[in-house]
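J.: Encoded as structure tokens, here's the structure I'll be asking about.
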Amino acid sequence: MGDSSILKPGTIVGFCNPLLDMTVVGDQNLLDKYGLKNNNAILAEEKHMPLYEELMKNKNIEYTAGGSAQNSLRVAQWILEKPNVAVFFGAVGQDKYSEILKLKANNEGVDVKYQYSTEKPTGTCAVIVTNNGKDRSLCANLSAAETFTEDHLDVPENKAIIENAKFYLVTGFFLQVNVKAVQKLAKIAFERKCPFLFNMSAPFIYQFYMDSVMSIFRYVNIVVGNDEEAKAFSEGQKWNLDNIEEIACKLSTFEVENDRYRLVIITQGDKQVLVAKDGTITHYPVPKIPTSDIIDSNGAGDAFIGGFISKYILDCPIQTCIEAGINAGSYIIQQPGMTKGDSFKI
């Protein structure tokens, strides 16, 4: 247990929207100008398009490889230190941005099987950091990421990887793009009796795409989200619950396929992480980080999932998996974006 050298290439597969993150330090005026909120993630509308041009004019803008699941797999690879254990799937454009994304992912040990669009450019995500790094607002222009088609899963090389994987990661963001692809993946994981982790992603998923979520939810046996996402799920189901522990417990027994377990993990910022299974809750403390040490909270949730997966795939105890997730998230918020410094060690 705990030896990554035993893992084969393609042990972990992840599916989401590969995006180039464009990060700037902003203020409330910038958020108000485009109707954005702190600690929220939305899909760009026509009114948001000028935002990307404005950010590119900012001399302090930082470009990093992004996309929720791709980031989680990057962190998992940092910890596992064995290349290509994780393989990422998503759609990009045939442009310099996708070349940058592929290079950065490969350099960090993640294998990528992108589907290339000739019609749209690689997607981008505006990341506006405020309140001395404690808050962030995400506005994603999916562009090529929206073109992912399920036939990409049937390409012989891809099909072989998917049907031999041991762990599946899908996000709510990807579910919004191609529900049929997610349904197919969920059934493969179920039939192979392999873990299927669903990243809750953002509250808007449960306001506008609940039917899609419910089409795959019975196959999900690991749910990871934050307290706001959990509340949004509860509201979408009309549970009339406000207590996060009660919501987590109900999620752990809600629409679970026969002979499957469900582990529900809810993060609450600097408060305890809640873990529910079979209607029973366990609390895991989160170490306090001085405000002065927090640089950028963007990506903490994705990092948590990467840390969790890196230990779960090695059959480590759940406590070890959760602690690795907490440590990875705590590390990332002390870095500028999803970057690995020399001090990284989980």
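We name chains A, B, ... following the order of the structure tokens; residues begin at 1 in each chain, and ligands are numbered from 1 as shown.
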Would you give me, as a VMD selection string, the residues in range 111-342 of chain A that DSSP reads as strand (DSSP E or B)?
T.: chain A and resid 111 to 117 123 to 130 135 to 141 167 to 171 196 to 199 222 to 226 263 to 268 271 to 277 280 to 284
J.: What lies within 6 Å of range 173-186 of chain A using only C-alpha atoms, ignoring chain neighbours under 6 positions off, as a tab-separated table (two decimals) with N, CA, C and O atoms, in the first residue's frame?
T.:
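Result written to part_26.tsv:
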chain	number	residue	atom	x	y	z
A	16	CYS	N	-12.96	16.46	-18.68
A	16	CYS	CA	-13.44	17.79	-18.36
A	16	CYS	C	-13.13	18.72	-19.53
A	16	CYS	O	-12.81	18.27	-20.63
A	146	GLU	N	-16.55	22.80	-25.83
A	146	GLU	CA	-17.95	22.43	-26.02
A	146	GLU	C	-18.15	21.46	-27.18
A	146	GLU	O	-19.25	20.91	-27.35
A	150	GLU	N	-18.90	12.04	-28.10
A	150	GLU	CA	-18.68	10.74	-27.48
A	150	GLU	C	-17.94	9.76	-28.38
A	150	GLU	O	-17.37	8.78	-27.89
A	216	ILE	N	-26.88	10.27	-14.23
A	216	ILE	CA	-25.67	9.49	-13.95
A	216	ILE	C	-25.44	9.29	-12.45
A	216	ILE	O	-24.56	8.53	-12.04
A	219	TYR	N	-24.79	6.00	-10.46
A	219	TYR	CA	-23.52	5.30	-10.69
A	219	TYR	C	-22.35	5.95	-9.95
A	219	TYR	O	-21.26	5.38	-9.91
J.: Which of range 189-328 of chain A counts as helix (DSSP H, G or I) under DSSP, as an MDAnalysis selection string please?
T.: chainID A and resid 189:191 204:208 210:219 227:237 244:253 291:293 300:312 318:328
J.: Using only C-alpha atoms, find the one residue out of A:Thr130, A:Asn240, A:Ser234, A:Thr124 that sits nearest to Leu51 in chain A.
T.: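 Ranking A:Thr130, A:Asn240, A:Ser234, A:Thr124 by distance to Leu51 in chain A, first place goes to A:Thr124.
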J.: Would you please work out which residue, of A:Thr23, A:Thr320, A:Ser98, A:Thr64, is nearest to Gly133 in chain A when using only C-alpha atoms?
T.: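 Nearest to Gly133 in chain A: A:Thr23.
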J.: For the atom pair CA of Asp227 in chain A and CA of Lys166 in chain A, what is the interatomic distance in Å to one decimal place?
T.: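 The value is 28.3 Å.
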J.: Could you build a table of the residues in range 174-254 of chain A lying no more than 9 Å from range 295-306 of chain A, giving for each the nearest pair of atoms and their separation in Å rounded to one decimal place, using only C-alpha atoms, ordered by chain and ascending residue number, as JSON lines?
T.:
{"residue": "A:Asn199", "atom": "CA", "partner": "A:Ile305", "partner_atom": "CA", "distance": 8.1}
{"residue": "A:Ser201", "atom": "CA", "partner": "A:Gly301", "partner_atom": "CA", "distance": 8.7}
{"residue": "A:Val224", "atom": "CA", "partner": "A:Ile305", "partner_atom": "CA", "distance": 7.4}
{"residue": "A:Gly225", "atom": "CA", "partner": "A:Gly301", "partner_atom": "CA", "distance": 7.6}
{"residue": "A:Asn226", "atom": "CA", "partner": "A:Gly301", "partner_atom": "CA", "distance": 7.8}
J.: Export, as a short mmCIF file (atom, residue, chain, number, x, y, z; two decimals), in the first residue's frame, the selected residues with all heavy atoms.
T.:
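Output file part_16.cif is given in full below:
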data_model
loop_
_atom_site.label_atom_id
_atom_site.label_comp_id
_atom_site.auth_asym_id
_atom_site.auth_seq_id
_atom_site.Cartn_x
_atom_site.Cartn_y
_atom_site.Cartn_z
N ASN A 199 -16.94 15.41 -9.43
CA ASN A 199 -16.65 16.72 -8.86
C ASN A 199 -17.87 17.61 -9.09
O ASN A 199 -18.27 17.86 -10.22
CB ASN A 199 -15.41 17.30 -9.55
CG ASN A 199 -15.05 18.69 -9.05
OD1 ASN A 199 -15.81 19.34 -8.34
ND2 ASN A 199 -13.88 19.17 -9.44
N SER A 201 -18.35 20.73 -8.93
CA SER A 201 -17.93 21.84 -9.81
C SER A 201 -18.45 23.22 -9.45
O SER A 201 -17.66 24.12 -9.17
CB SER A 201 -18.30 21.53 -11.27
OG SER A 201 -17.57 20.44 -11.75
N VAL A 224 -17.46 14.81 -4.56
CA VAL A 224 -16.65 15.82 -3.88
C VAL A 224 -17.15 17.20 -4.29
O VAL A 224 -17.30 17.50 -5.48
CB VAL A 224 -15.15 15.70 -4.22
CG1 VAL A 224 -14.35 16.73 -3.42
CG2 VAL A 224 -14.63 14.30 -3.95
N GLY A 225 -17.44 18.03 -3.30
CA GLY A 225 -17.90 19.39 -3.58
C GLY A 225 -17.70 20.27 -2.38
O GLY A 225 -17.25 19.81 -1.32
N ASN A 226 -18.03 21.55 -2.52
CA ASN A 226 -17.96 22.44 -1.36
C ASN A 226 -19.35 22.68 -0.80
O ASN A 226 -20.36 22.20 -1.34
CB ASN A 226 -17.23 23.75 -1.69
CG ASN A 226 -17.94 24.56 -2.77
OD1 ASN A 226 -19.18 24.57 -2.86
ND2 ASN A 226 -17.18 25.26 -3.59
#
J.: Pick out the residues sitting within 10 Å of Asp211 in chain A, and hand them over as an mmCIF file with N, CA and C atoms, in the first residue's frame; count only C-alpha atoms, and ignore anything fewer than 6 positions along from it in its own chain.
T.:
data_model
loop_
_atom_site.group_PDB
_atom_site.id
_atom_site.type_symbol
_atom_site.label_atom_id
_atom_site.label_comp_id
_atom_site.auth_asym_id
_atom_site.auth_seq_id
_atom_site.Cartn_x
_atom_site.Cartn_y
_atom_site.Cartn_z
ATOM 1 N N VAL A 179 -23.506 15.154 -21.913
ATOM 2 C CA VAL A 179 -24.073 14.219 -20.947
ATOM 3 C C VAL A 179 -24.009 12.778 -21.448
ATOM 4 N N ILE A 205 -24.632 24.250 -11.839
ATOM 5 C CA ILE A 205 -24.919 22.925 -12.400
ATOM 6 C C ILE A 205 -26.256 22.402 -11.872
ATOM 7 N N PHE A 217 -26.249 9.935 -11.611
ATOM 8 C CA PHE A 217 -25.924 10.010 -10.182
ATOM 9 C C PHE A 217 -25.939 8.647 -9.498
ATOM 10 N N GLY A 236 -31.956 22.237 -5.447
ATOM 11 C CA GLY A 236 -32.428 21.702 -6.712
ATOM 12 C C GLY A 236 -33.334 20.495 -6.535
#
J.: Fewer than 2 positions away in the same chain doesn't count, so skip those; otherwise give me all residues within 12 Å of Leu314 in chain A, counting only C-alpha atoms, as a PyMOL selection string.
T.: chain A and resi 1-8+11-12+76+79-80+85+166-167+307-312+316-318+320-321
J.: Please list as a list in words every residue within 6 Å of range 27-40 of chain A, counting only C-alpha atoms and excluding residues in the same chain fewer than 6 positions away.
T.: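 Contacts, with the query itself left out: Thr130, Asp135, Arg136 and Ser137 of chain A.
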J.: Please determine, counting only C-alpha atoms, which residue among A:Lys82, A:Cys249, A:Ile42, A:Leu19 has the shortest atom-to-atom distance to Tyr63 in chain A.
T.: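 That would be A:Leu19, the residue with the smallest distance to Tyr63 in chain A.
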J.: For Phe148 in chain A, which residue among A:Asp342, A:Glu45, A:Glu119, A:Glu163 is the nearest when counting only C-alpha atoms?
T.: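 Of A:Asp342, A:Glu45, A:Glu119, A:Glu163, the one nearest Phe148 in chain A, counting only C-alpha atoms, is A:Glu119.
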J.: What's the 7 Å shell around Val92 in chain A, counting only C-alpha atoms, without same-chain residues fewer than 4 positions away, as a list in words?
T.: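 Near neighbours after the sequence-gap exclusion: Pro18, Ser98, Tyr114, Gln115, Tyr116, Ser117, Pro121, Thr122, Gly123, Ala144 and Ala145 of chain A.
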